[in-house]
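Below: the structure, in C-alpha cells.
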Amino acid sequence: MAEPRRIVIVGTGLAGASAAGALREQGFDGKVLLVGEQRHRPYELPALSKGILLGDTEDPDWVHDESFYAEKDIDLRLRTRATAIHLGDRTVDVGGATESWDRLLLATGSTPRRLRVPGADFDGIRRFRRLDDARDLRKELTEGRRVVIVGAGWIGCEAAAAARKHGADVTVIDPLPLPLHRVLGDTIGGVFRTMHETEGVTFRLGVGVAEYIGADGHATGVRLDDGTEVSGDVLLLAVGARPRTELAHEAGLEMSEGAGVDVDATLRTSAPDVYAVGDIAAHLHPRYGQRIRVEHWANAKDQGTHVAKNLLGAAEPYTASPYFFSDQYDLGMEFRGLADPFSDELVVRGDLEGREFIAFWLRDGAVQAAMNVNMWDDGDALQALVDAQARVEPAKLVDADLAGLAG
C-alpha cells in the first residue's frame, strides 16, 4: 500500500482532531485537511454537561491549543460542511470546493434525537450537544425556575444535578422504570433514583411524552401518556443521539442495520481507503465478536488516535474496552466494559446505600464490566479484569484483593 500524501478528515470533534494530531505525532508530513461545521475549534464534550452546566467553567477541554493546528500544518476549516463523497474519484465536496484524498476519515459524530410527537417543532425546546447549547442552558438554570427534562440517561441525570445545584425545581420524565435503566439495570439504577430524589428531583417514570403543550408556537410544558401535564420554564430534551451517517450512506458505504457505518477491526469501512471512528463507527470488536457502537468520550479520543497508524498503512485492530464516567452531586463513577444488566450476574463490593461501591457484571463467570462509585484505588485492576474477561468467583470479587485477582 503506497504511503498517502493527502488525508482528509470530516468532523472537527474529538475523534477527528485526535486523529489529525496523531498523524503529525507519527511523522506524517503530507496534507491533512480537518473540516467540520461547528464554529469552535475542536473540544471534548464531557465538560458540557458537567463543569459548564455546574458553573465551574465557561470553557470545555480543548483538544489542542489554538496555535496547534497552524504549528502542525493542519488545515482546519471550521463552519465548513462536507456535502458529498465520491469514492471513484477519491474526492469530497467541502464548502463549495472539491478536495482530493488518498485516505479519508469520517468522524461526523452525532446529533440529538427528537421526539416525533405533536408540538415537537415549538420554540423553547432545548437540545444538548454543542458548546453553545451548554452555555445557553446554564444561563437558564437559576433559583426557582421549573426545569423539565425529558430523558433520564446520562445527559438528563447530569443536567438534573446541575439544575438542582443552582436551585431550580427539576422534573425528569422517562418511559423506563428507573434512571439509567438500560445501562445499569434495576439495582444500580435504583441507587441513582434514590440519590436524585434525596437531592430534590421529581421523577415521572414509566410514562412517555404524548405531546408538547404551549402557546403562540412556544413550548410551555408536556402532556404525558397518562393525560397529566407538566409545565416548565425550561424544557430540555435528552433522549439520546443518532449518528450522523448521511454522508456515508449517500456514498454507498455499508451500514449496520439500525445505525452506524460498518467498520472492521482496524476501523476501515467497506471502501478500502475510507475509515470511520467515534459515534458513527459500528466496530467489529475483536474481543466481543460483534459490532458495537459507543457514544462516549474515551471511544472518540482513543479510536481517533488509534486510526492514525492505519491511515498510514498499518492494519492494527482496535481492542480497547468501552469506558465512560459521570459526576452527579457528590457521586463520581467510572464504567468499563460492555454488559447486559438484565441477563448478566450483578456482584456488588462495598456499600450501595452509602454510594461507595464497585459493581461487577459477570457472564458465565467472566467479568464483562465493572463500575466504581466513589472508590478510586482499583482502576487499573478493574481495567485488567474487564480486558481479560477474567473468570473470578463472585465471593472473591466481594472480599479479595482486586490487584491480586487481576494478576
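Residues in the C-alpha cells are numbered from 1 in each chain, the chains being A, B, ... in the order shown, and ligands are numbered from 1 in the order shown.
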Near stretch 205-210 of chain A, 10 Å: stretch 75-163 of chain A residue rows, closest pairs, only C-alpha atoms, as a tab-separated table:
```
residue	atom	partner	partner_atom	distance
A:Leu115	CA	A:Val209	CA	8.4
A:Arg116	CA	A:Ala210	CA	9.2
A:Val117	CA	A:Ala210	CA	6.2
A:Pro118	CA	A:Ala210	CA	7.5
A:Gly119	CA	A:Ala210	CA	9.6
A:Val150	CA	A:Val209	CA	8.0
A:Gly151	CA	A:Gly208	CA	9.4
A:Ala152	CA	A:Leu205	CA	8.8
```
Env of stretch 25-29 of chain A: 10 Å cut, atoms = only C-alpha atoms, seq-sep filter 5 positions within chain, self excluded. Answer as a VMD selection string.
chain A and resid 3 to 7 19 to 20 72 to 74 305 308 to 309 312
May I have the selected residues written with C-alpha atoms, as a compact mmCIF listing (two decimals), in the first residue's frame?
```
# COMPACT_ATOMS: atom_id res chain seq x y z
CA GLU A 3 2.01 5.93 1.58
CA PRO A 4 -0.70 8.60 1.37
CA ARG A 5 0.09 12.23 0.66
CA ARG A 6 -3.37 13.73 1.24
CA ILE A 7 -5.59 12.77 4.16
CA ALA A 19 -6.61 11.64 14.53
CA ALA A 20 -5.15 14.78 12.98
CA LYS A 72 1.43 21.36 12.89
CA ASP A 73 0.34 22.47 9.40
CA ILE A 74 -3.15 21.06 9.82
CA THR A 305 -5.65 8.34 17.99
CA ALA A 308 -3.86 7.36 12.51
CA LYS A 309 -1.41 4.48 12.16
CA LEU A 312 -0.66 5.48 7.19
```
When you look at A:Arg103 with a cut-off of 12 Å (counting only C-alpha atoms), what residues show up, excluding the ones that are within fewer than 5 positions of it in the same chain? I need them as a VMD selection string.
chain A and resid 1 to 10 23 30 to 33 87 90 to 92 268 to 269 271 to 276 307 to 313
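For A:His285, the list of residues within 12 Å, based on only C-alpha atoms and with local chain neighbours fewer than 4 positions off taken out, reads Asp262, Val263, Asp264, Ala265, Thr266, Leu267, Ala281, Gly289, Gln290, Arg291, Ile292, Arg293, Val294, Gln303, Pro317, Tyr318, Thr319, Ala320, Ser321, Pro322 and Leu338 of chain A.
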Please produce a file of the residues just selected, as a PDB file, in the first residue's frame, where the atoms kept are N, CA and C atoms.
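File result07.pdb, as written:
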```pdb
ATOM      1  N   ASP A 262     -20.496   0.485   9.072  1.00  0.00           N
ATOM      2  CA  ASP A 262     -19.756  -0.738   9.349  1.00  0.00           C
ATOM      3  C   ASP A 262     -18.258  -0.509   9.169  1.00  0.00           C
ATOM      4  N   VAL A 263     -17.484  -0.856  10.193  1.00  0.00           N
ATOM      5  CA  VAL A 263     -16.021  -0.848  10.085  1.00  0.00           C
ATOM      6  C   VAL A 263     -15.500  -2.178  10.609  1.00  0.00           C
ATOM      7  N   ASP A 264     -14.355  -2.592  10.072  1.00  0.00           N
ATOM      8  CA  ASP A 264     -13.755  -3.833  10.538  1.00  0.00           C
ATOM      9  C   ASP A 264     -12.957  -3.591  11.818  1.00  0.00           C
ATOM     10  N   ALA A 265     -12.189  -4.580  12.226  1.00  0.00           N
ATOM     11  CA  ALA A 265     -11.438  -4.444  13.474  1.00  0.00           C
ATOM     12  C   ALA A 265     -10.454  -3.293  13.440  1.00  0.00           C
ATOM     13  N   THR A 266      -9.986  -2.919  12.238  1.00  0.00           N
ATOM     14  CA  THR A 266      -8.997  -1.849  12.105  1.00  0.00           C
ATOM     15  C   THR A 266      -9.644  -0.481  11.896  1.00  0.00           C
ATOM     16  N   LEU A 267     -10.981  -0.423  11.921  1.00  0.00           N
ATOM     17  CA  LEU A 267     -11.758   0.807  11.750  1.00  0.00           C
ATOM     18  C   LEU A 267     -11.885   1.214  10.288  1.00  0.00           C
ATOM     19  N   ALA A 281     -19.127   4.833  14.149  1.00  0.00           N
ATOM     20  CA  ALA A 281     -18.450   3.594  13.790  1.00  0.00           C
ATOM     21  C   ALA A 281     -19.113   2.385  14.448  1.00  0.00           C
ATOM     22  N   GLY A 289     -16.537 -10.021  19.450  1.00  0.00           N
ATOM     23  CA  GLY A 289     -17.008 -10.813  18.329  1.00  0.00           C
ATOM     24  C   GLY A 289     -18.298 -10.310  17.728  1.00  0.00           C
ATOM     25  N   GLN A 290     -18.573  -9.031  17.878  1.00  0.00           N
ATOM     26  CA  GLN A 290     -19.784  -8.428  17.325  1.00  0.00           C
ATOM     27  C   GLN A 290     -19.535  -6.948  17.096  1.00  0.00           C
ATOM     28  N   ARG A 291     -20.436  -6.352  16.346  1.00  0.00           N
ATOM     29  CA  ARG A 291     -20.314  -4.909  16.123  1.00  0.00           C
ATOM     30  C   ARG A 291     -20.843  -4.152  17.341  1.00  0.00           C
ATOM     31  N   ILE A 292     -20.068  -3.184  17.789  1.00  0.00           N
ATOM     32  CA  ILE A 292     -20.536  -2.310  18.856  1.00  0.00           C
ATOM     33  C   ILE A 292     -20.320  -0.865  18.419  1.00  0.00           C
ATOM     34  N   ARG A 293     -21.224  -0.016  18.833  1.00  0.00           N
ATOM     35  CA  ARG A 293     -21.105   1.412  18.533  1.00  0.00           C
ATOM     36  C   ARG A 293     -21.197   2.156  19.849  1.00  0.00           C
ATOM     37  N   VAL A 294     -20.181   2.918  20.181  1.00  0.00           N
ATOM     38  CA  VAL A 294     -20.051   3.531  21.502  1.00  0.00           C
ATOM     39  C   VAL A 294     -20.044   5.048  21.348  1.00  0.00           C
ATOM     40  N   GLN A 303     -10.183   5.936  19.557  1.00  0.00           N
ATOM     41  CA  GLN A 303     -10.283   5.491  18.166  1.00  0.00           C
ATOM     42  C   GLN A 303      -9.624   6.491  17.223  1.00  0.00           C
ATOM     43  N   PRO A 317      -5.723  -3.857  14.790  1.00  0.00           N
ATOM     44  CA  PRO A 317      -7.093  -3.833  15.307  1.00  0.00           C
ATOM     45  C   PRO A 317      -7.211  -2.944  16.532  1.00  0.00           C
ATOM     46  N   TYR A 318      -8.382  -2.351  16.690  1.00  0.00           N
ATOM     47  CA  TYR A 318      -8.691  -1.548  17.867  1.00  0.00           C
ATOM     48  C   TYR A 318      -9.373  -2.459  18.874  1.00  0.00           C
ATOM     49  N   THR A 319      -8.783  -2.608  20.062  1.00  0.00           N
ATOM     50  CA  THR A 319      -9.254  -3.604  21.022  1.00  0.00           C
ATOM     51  C   THR A 319      -9.675  -3.025  22.371  1.00  0.00           C
ATOM     52  N   ALA A 320      -9.653  -1.716  22.536  1.00  0.00           N
ATOM     53  CA  ALA A 320      -9.930  -1.120  23.846  1.00  0.00           C
ATOM     54  C   ALA A 320     -11.357  -1.405  24.301  1.00  0.00           C
ATOM     55  N   SER A 321     -11.519  -1.594  25.607  1.00  0.00           N
ATOM     56  CA  SER A 321     -12.848  -1.761  26.188  1.00  0.00           C
ATOM     57  C   SER A 321     -13.544  -0.405  26.275  1.00  0.00           C
ATOM     58  N   PRO A 322     -14.869  -0.371  26.105  1.00  0.00           N
ATOM     59  CA  PRO A 322     -15.591   0.886  26.302  1.00  0.00           C
ATOM     60  C   PRO A 322     -15.368   1.436  27.713  1.00  0.00           C
ATOM     61  N   LEU A 338     -18.569  -3.840  28.707  1.00  0.00           N
ATOM     62  CA  LEU A 338     -19.827  -3.922  27.966  1.00  0.00           C
ATOM     63  C   LEU A 338     -20.658  -5.028  28.604  1.00  0.00           C
TER      64      LEU A 338
END
```
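Considering only C-alpha atoms, the residue among A:Asp186, A:Asp61, A:Glu211, A:Glu334 positioned nearest to A:Gly379 is A:Glu334.
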Residues near A:Arg164, anyone? I mean within 12 Å using only C-alpha atoms, not counting same-chain ones fewer than 5 positions away, as number ranges by chain.
A: 53-54, 138, 141-148, 157-159, 169-172, 196-202, 328-329
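For the pair atom CA of A:Glu58 and atom CA of A:Arg355, the separation is 29.3 Å.
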Rows by chain and residue number, stretch 170-224 of chain A within 12 Å of stretch 356-359 of chain A, shortest pair, only C-alpha atoms, as CSV:
```
residue,atom,partner,partner_atom,distance
A:Leu184,CA,A:Ala359,CA,9.6
A:Gly185,CA,A:Ala359,CA,11.4
A:Thr187,CA,A:Ala359,CA,10.1
A:Ile188,CA,A:Ala359,CA,8.2
A:Gly189,CA,A:Ala359,CA,11.7
A:Val191,CA,A:Glu356,CA,10.9
```
Residues within 8 Å of stretch 230-237 of chain A, please, as a PDB file with N, CA, C and O atoms, in the first residue's frame. Count only C-alpha atoms; anything in the same chain fewer than 5 positions from it doesn't count.
```pdb
ATOM      1  N   ARG A 114     -34.818  13.639  18.310  1.00  0.00           N
ATOM      2  CA  ARG A 114     -36.033  14.402  18.521  1.00  0.00           C
ATOM      3  C   ARG A 114     -37.178  13.455  18.841  1.00  0.00           C
ATOM      4  O   ARG A 114     -37.138  12.284  18.473  1.00  0.00           O
ATOM      5  N   GLY A 124     -38.370  26.874  22.081  1.00  0.00           N
ATOM      6  CA  GLY A 124     -38.191  26.726  23.512  1.00  0.00           C
ATOM      7  C   GLY A 124     -37.866  25.319  23.969  1.00  0.00           C
ATOM      8  O   GLY A 124     -37.710  25.089  25.175  1.00  0.00           O
ATOM      9  N   ILE A 125     -37.777  24.371  23.039  1.00  0.00           N
ATOM     10  CA  ILE A 125     -37.372  23.006  23.398  1.00  0.00           C
ATOM     11  C   ILE A 125     -35.863  22.911  23.200  1.00  0.00           C
ATOM     12  O   ILE A 125     -35.370  22.987  22.070  1.00  0.00           O
ATOM     13  N   ARG A 126     -35.159  22.780  24.282  1.00  0.00           N
ATOM     14  CA  ARG A 126     -33.694  22.783  24.217  1.00  0.00           C
ATOM     15  C   ARG A 126     -33.162  21.371  23.980  1.00  0.00           C
ATOM     16  O   ARG A 126     -33.662  20.402  24.552  1.00  0.00           O
ATOM     17  N   ARG A 127     -32.131  21.307  23.145  1.00  0.00           N
ATOM     18  CA  ARG A 127     -31.380  20.072  22.930  1.00  0.00           C
ATOM     19  C   ARG A 127     -29.936  20.352  23.278  1.00  0.00           C
ATOM     20  O   ARG A 127     -29.520  21.495  23.352  1.00  0.00           O
ATOM     21  N   PHE A 128     -29.182  19.307  23.454  1.00  0.00           N
ATOM     22  CA  PHE A 128     -27.903  19.485  24.123  1.00  0.00           C
ATOM     23  C   PHE A 128     -26.833  18.655  23.425  1.00  0.00           C
ATOM     24  O   PHE A 128     -26.820  17.432  23.526  1.00  0.00           O
ATOM     25  N   GLU A 140     -30.067  29.539  32.021  1.00  0.00           N
ATOM     26  CA  GLU A 140     -31.472  29.313  32.357  1.00  0.00           C
ATOM     27  C   GLU A 140     -31.665  28.550  33.665  1.00  0.00           C
ATOM     28  O   GLU A 140     -32.769  28.496  34.205  1.00  0.00           O
ATOM     29  N   ARG A 145     -36.586  28.304  39.036  1.00  0.00           N
ATOM     30  CA  ARG A 145     -37.119  28.026  37.706  1.00  0.00           C
ATOM     31  C   ARG A 145     -37.534  26.565  37.617  1.00  0.00           C
ATOM     32  O   ARG A 145     -36.908  25.678  38.193  1.00  0.00           O
ATOM     33  N   ARG A 146     -38.603  26.323  36.882  1.00  0.00           N
ATOM     34  CA  ARG A 146     -39.109  24.967  36.706  1.00  0.00           C
ATOM     35  C   ARG A 146     -38.446  24.353  35.476  1.00  0.00           C
ATOM     36  O   ARG A 146     -38.676  24.800  34.361  1.00  0.00           O
ATOM     37  N   VAL A 147     -37.624  23.352  35.722  1.00  0.00           N
ATOM     38  CA  VAL A 147     -36.878  22.697  34.650  1.00  0.00           C
ATOM     39  C   VAL A 147     -37.477  21.311  34.424  1.00  0.00           C
ATOM     40  O   VAL A 147     -37.559  20.500  35.361  1.00  0.00           O
ATOM     41  N   VAL A 148     -37.905  21.056  33.204  1.00  0.00           N
ATOM     42  CA  VAL A 148     -38.461  19.762  32.825  1.00  0.00           C
ATOM     43  C   VAL A 148     -37.476  19.091  31.881  1.00  0.00           C
ATOM     44  O   VAL A 148     -37.134  19.642  30.823  1.00  0.00           O
ATOM     45  N   ILE A 149     -37.001  17.917  32.270  1.00  0.00           N
ATOM     46  CA  ILE A 149     -36.027  17.177  31.472  1.00  0.00           C
ATOM     47  C   ILE A 149     -36.685  15.896  30.973  1.00  0.00           C
ATOM     48  O   ILE A 149     -37.159  15.080  31.775  1.00  0.00           O
ATOM     49  N   VAL A 150     -36.730  15.731  29.673  1.00  0.00           N
ATOM     50  CA  VAL A 150     -37.281  14.519  29.069  1.00  0.00           C
ATOM     51  C   VAL A 150     -36.108  13.605  28.744  1.00  0.00           C
ATOM     52  O   VAL A 150     -35.322  13.882  27.841  1.00  0.00           O
ATOM     53  N   GLY A 151     -35.990  12.525  29.498  1.00  0.00           N
ATOM     54  CA  GLY A 151     -34.881  11.591  29.311  1.00  0.00           C
ATOM     55  C   GLY A 151     -34.063  11.471  30.584  1.00  0.00           C
ATOM     56  O   GLY A 151     -33.540  12.469  31.098  1.00  0.00           O
ATOM     57  N   ALA A 219     -43.141  26.303  23.454  1.00  0.00           N
ATOM     58  CA  ALA A 219     -43.454  25.219  24.380  1.00  0.00           C
ATOM     59  C   ALA A 219     -43.434  25.712  25.816  1.00  0.00           C
ATOM     60  O   ALA A 219     -42.516  26.432  26.234  1.00  0.00           O
ATOM     61  N   THR A 220     -44.435  25.286  26.574  1.00  0.00           N
ATOM     62  CA  THR A 220     -44.506  25.634  27.996  1.00  0.00           C
ATOM     63  C   THR A 220     -44.616  24.399  28.882  1.00  0.00           C
ATOM     64  O   THR A 220     -44.717  24.528  30.108  1.00  0.00           O
ATOM     65  N   GLY A 221     -44.601  23.235  28.270  1.00  0.00           N
ATOM     66  CA  GLY A 221     -44.693  22.014  29.062  1.00  0.00           C
ATOM     67  C   GLY A 221     -44.964  20.814  28.181  1.00  0.00           C
ATOM     68  O   GLY A 221     -44.874  20.884  26.951  1.00  0.00           O
ATOM     69  N   VAL A 222     -45.294  19.702  28.828  1.00  0.00           N
ATOM     70  CA  VAL A 222     -45.571  18.468  28.107  1.00  0.00           C
ATOM     71  C   VAL A 222     -46.835  17.831  28.661  1.00  0.00           C
ATOM     72  O   VAL A 222     -47.176  17.984  29.841  1.00  0.00           O
ATOM     73  N   ARG A 223     -47.548  17.125  27.780  1.00  0.00           N
ATOM     74  CA  ARG A 223     -48.658  16.266  28.211  1.00  0.00           C
ATOM     75  C   ARG A 223     -48.170  14.835  28.098  1.00  0.00           C
ATOM     76  O   ARG A 223     -47.638  14.424  27.063  1.00  0.00           O
ATOM     77  N   LEU A 224     -48.349  14.072  29.168  1.00  0.00           N
ATOM     78  CA  LEU A 224     -47.830  12.717  29.223  1.00  0.00           C
ATOM     79  C   LEU A 224     -48.866  11.700  28.744  1.00  0.00           C
ATOM     80  O   LEU A 224     -50.045  12.026  28.549  1.00  0.00           O
TER      81      LEU A 224
END
```
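Among the candidates A:Asp302, A:Glu66, A:Asp387, A:Asp378, the one nearest to A:Leu402 when counting only C-alpha atoms is A:Asp378.
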Excluding A:Glu345 and any residue of its chain fewer than 4 positions from it, enumerate the residues within 7 Å of it, using only C-alpha atoms, and give them as JSON, numbers by chain.
{"A": [361, 362, 363]}
Please produce an output containing N, CA and C atoms for each residue in the selection, written as a PDB file, in the first residue's frame.
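See selection23.pdb below for the written result:
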```pdb
ATOM      1  N   TRP A 361     -20.397  -6.971  36.534  1.00  0.00           N
ATOM      2  CA  TRP A 361     -21.367  -7.753  35.785  1.00  0.00           C
ATOM      3  C   TRP A 361     -20.641  -8.953  35.190  1.00  0.00           C
ATOM      4  N   LEU A 362     -21.130 -10.159  35.500  1.00  0.00           N
ATOM      5  CA  LEU A 362     -20.487 -11.399  35.077  1.00  0.00           C
ATOM      6  C   LEU A 362     -21.396 -12.164  34.115  1.00  0.00           C
ATOM      7  N   ARG A 363     -20.773 -12.785  33.135  1.00  0.00           N
ATOM      8  CA  ARG A 363     -21.488 -13.666  32.216  1.00  0.00           C
ATOM      9  C   ARG A 363     -20.741 -14.992  32.148  1.00  0.00           C
TER      10      ARG A 363
END
```
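Atom pair atom CA of A:Phe68 / atom CA of A:Arg24: separated by 10.8 Å.
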Let's see if you can do this: from backbone DSSP, list all strand (DSSP E or B) residues in stretch 32-97 of chain A, as a ChimeraX atom specification.
/A:32-35,43,62,74-77,82-86,91-94,97
Those selected residues, please, written with C-alpha atoms and delivered as a CSV table (one decimal), in the first residue's frame.
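Resulting contents of out_36.csv:
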```
chain,number,residue,atom,x,y,z
A,32,VAL,CA,-4.0,17.0,6.5
A,33,LEU,CA,-7.4,18.7,6.0
A,34,LEU,CA,-9.7,18.7,9.0
A,35,VAL,CA,-13.1,20.0,8.1
A,43,TYR,CA,-13.2,20.4,22.1
A,62,TRP,CA,-10.0,21.9,24.1
A,74,ILE,CA,-3.2,21.1,9.8
A,75,ASP,CA,-5.6,22.8,7.5
A,76,LEU,CA,-8.5,23.3,10.0
A,77,ARG,CA,-11.7,24.6,8.3
A,82,ALA,CA,-18.9,18.3,3.6
A,83,THR,CA,-21.7,17.6,1.2
A,84,ALA,CA,-20.7,14.6,-0.9
A,85,ILE,CA,-18.1,11.8,-1.1
A,86,HIS,CA,-17.0,10.5,-4.5
A,91,THR,CA,-12.7,13.4,-3.8
A,92,VAL,CA,-15.0,15.1,-1.3
A,93,ASP,CA,-17.1,18.2,-1.8
A,94,VAL,CA,-16.5,20.7,1.1
A,97,ALA,CA,-14.8,23.2,-3.3
```
Enumerate as a ChimeraX atom specification all residues of stretch 185-215 of chain A assigned to alpha helix (DSSP H) by DSSP on the backbone, naming them with the chain letters and numbers the document uses.
/A:185-198
Write a file of the just-selected residues containing N, CA and C atoms, as a PDB file, in the first residue's frame.
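Output file selection.pdb follows:
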```
ATOM      1  N   GLY A 185     -29.468  -1.270  34.867  1.00  0.00           N
ATOM      2  CA  GLY A 185     -30.415  -2.232  35.400  1.00  0.00           C
ATOM      3  C   GLY A 185     -31.146  -1.746  36.632  1.00  0.00           C
ATOM      4  N   ASP A 186     -31.772  -2.691  37.338  1.00  0.00           N
ATOM      5  CA  ASP A 186     -32.672  -2.339  38.434  1.00  0.00           C
ATOM      6  C   ASP A 186     -31.938  -1.864  39.684  1.00  0.00           C
ATOM      7  N   THR A 187     -30.989  -2.655  40.156  1.00  0.00           N
ATOM      8  CA  THR A 187     -30.361  -2.359  41.445  1.00  0.00           C
ATOM      9  C   THR A 187     -29.568  -1.057  41.394  1.00  0.00           C
ATOM     10  N   ILE A 188     -28.680  -0.923  40.434  1.00  0.00           N
ATOM     11  CA  ILE A 188     -27.825   0.280  40.377  1.00  0.00           C
ATOM     12  C   ILE A 188     -28.631   1.476  39.886  1.00  0.00           C
ATOM     13  N   GLY A 189     -29.573   1.256  38.969  1.00  0.00           N
ATOM     14  CA  GLY A 189     -30.461   2.352  38.588  1.00  0.00           C
ATOM     15  C   GLY A 189     -31.226   2.889  39.785  1.00  0.00           C
ATOM     16  N   GLY A 190     -31.599   1.983  40.702  1.00  0.00           N
ATOM     17  CA  GLY A 190     -32.281   2.421  41.912  1.00  0.00           C
ATOM     18  C   GLY A 190     -31.423   3.298  42.802  1.00  0.00           C
ATOM     19  N   VAL A 191     -30.121   3.033  42.821  1.00  0.00           N
ATOM     20  CA  VAL A 191     -29.206   3.887  43.592  1.00  0.00           C
ATOM     21  C   VAL A 191     -29.260   5.315  43.079  1.00  0.00           C
ATOM     22  N   PHE A 192     -29.255   5.474  41.754  1.00  0.00           N
ATOM     23  CA  PHE A 192     -29.270   6.818  41.174  1.00  0.00           C
ATOM     24  C   PHE A 192     -30.617   7.493  41.400  1.00  0.00           C
ATOM     25  N   ARG A 193     -31.699   6.731  41.328  1.00  0.00           N
ATOM     26  CA  ARG A 193     -33.002   7.341  41.592  1.00  0.00           C
ATOM     27  C   ARG A 193     -33.059   7.869  43.026  1.00  0.00           C
ATOM     28  N   THR A 194     -32.655   7.050  43.980  1.00  0.00           N
ATOM     29  CA  THR A 194     -32.691   7.476  45.375  1.00  0.00           C
ATOM     30  C   THR A 194     -31.836   8.726  45.592  1.00  0.00           C
ATOM     31  N   MET A 195     -30.656   8.746  45.002  1.00  0.00           N
ATOM     32  CA  MET A 195     -29.773   9.902  45.152  1.00  0.00           C
ATOM     33  C   MET A 195     -30.442  11.172  44.624  1.00  0.00           C
ATOM     34  N   HIS A 196     -31.001  11.103  43.421  1.00  0.00           N
ATOM     35  CA  HIS A 196     -31.621  12.299  42.841  1.00  0.00           C
ATOM     36  C   HIS A 196     -32.841  12.736  43.641  1.00  0.00           C
ATOM     37  N   GLU A 197     -33.643  11.783  44.086  1.00  0.00           N
ATOM     38  CA  GLU A 197     -34.813  12.162  44.869  1.00  0.00           C
ATOM     39  C   GLU A 197     -34.408  12.784  46.198  1.00  0.00           C
ATOM     40  N   THR A 198     -33.351  12.281  46.802  1.00  0.00           N
ATOM     41  CA  THR A 198     -32.842  12.883  48.038  1.00  0.00           C
ATOM     42  C   THR A 198     -32.412  14.324  47.799  1.00  0.00           C
TER      43      THR A 198
END
```
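Proximity of A:Gly51, A:Gly96, A:Pro42, A:Gly153 to A:Gly240, computed with only C-alpha atoms, is greatest for A:Gly153.
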Gap from atom CA of A:Gly11 to atom CA of A:Glu246 - Å, one decimal
12.9 Å
Pick out the closest residue to A:Gly21 from this set: A:His166, A:Lys139, A:Arg79, A:His306. Count only C-alpha atoms.
A:His306
Which residue out of A:Gln383, A:Ser67, A:Asn374, A:Thr12 has the minimum interatomic distance to A:Phe360 when only C-alpha atoms are used?
A:Gln383
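Comparing the minimum interatomic distances between A:Leu397 and each of A:Ala315, A:Ala381, A:Val347, A:Leu104, counting only C-alpha atoms, we find that A:Val347 sits nearest.
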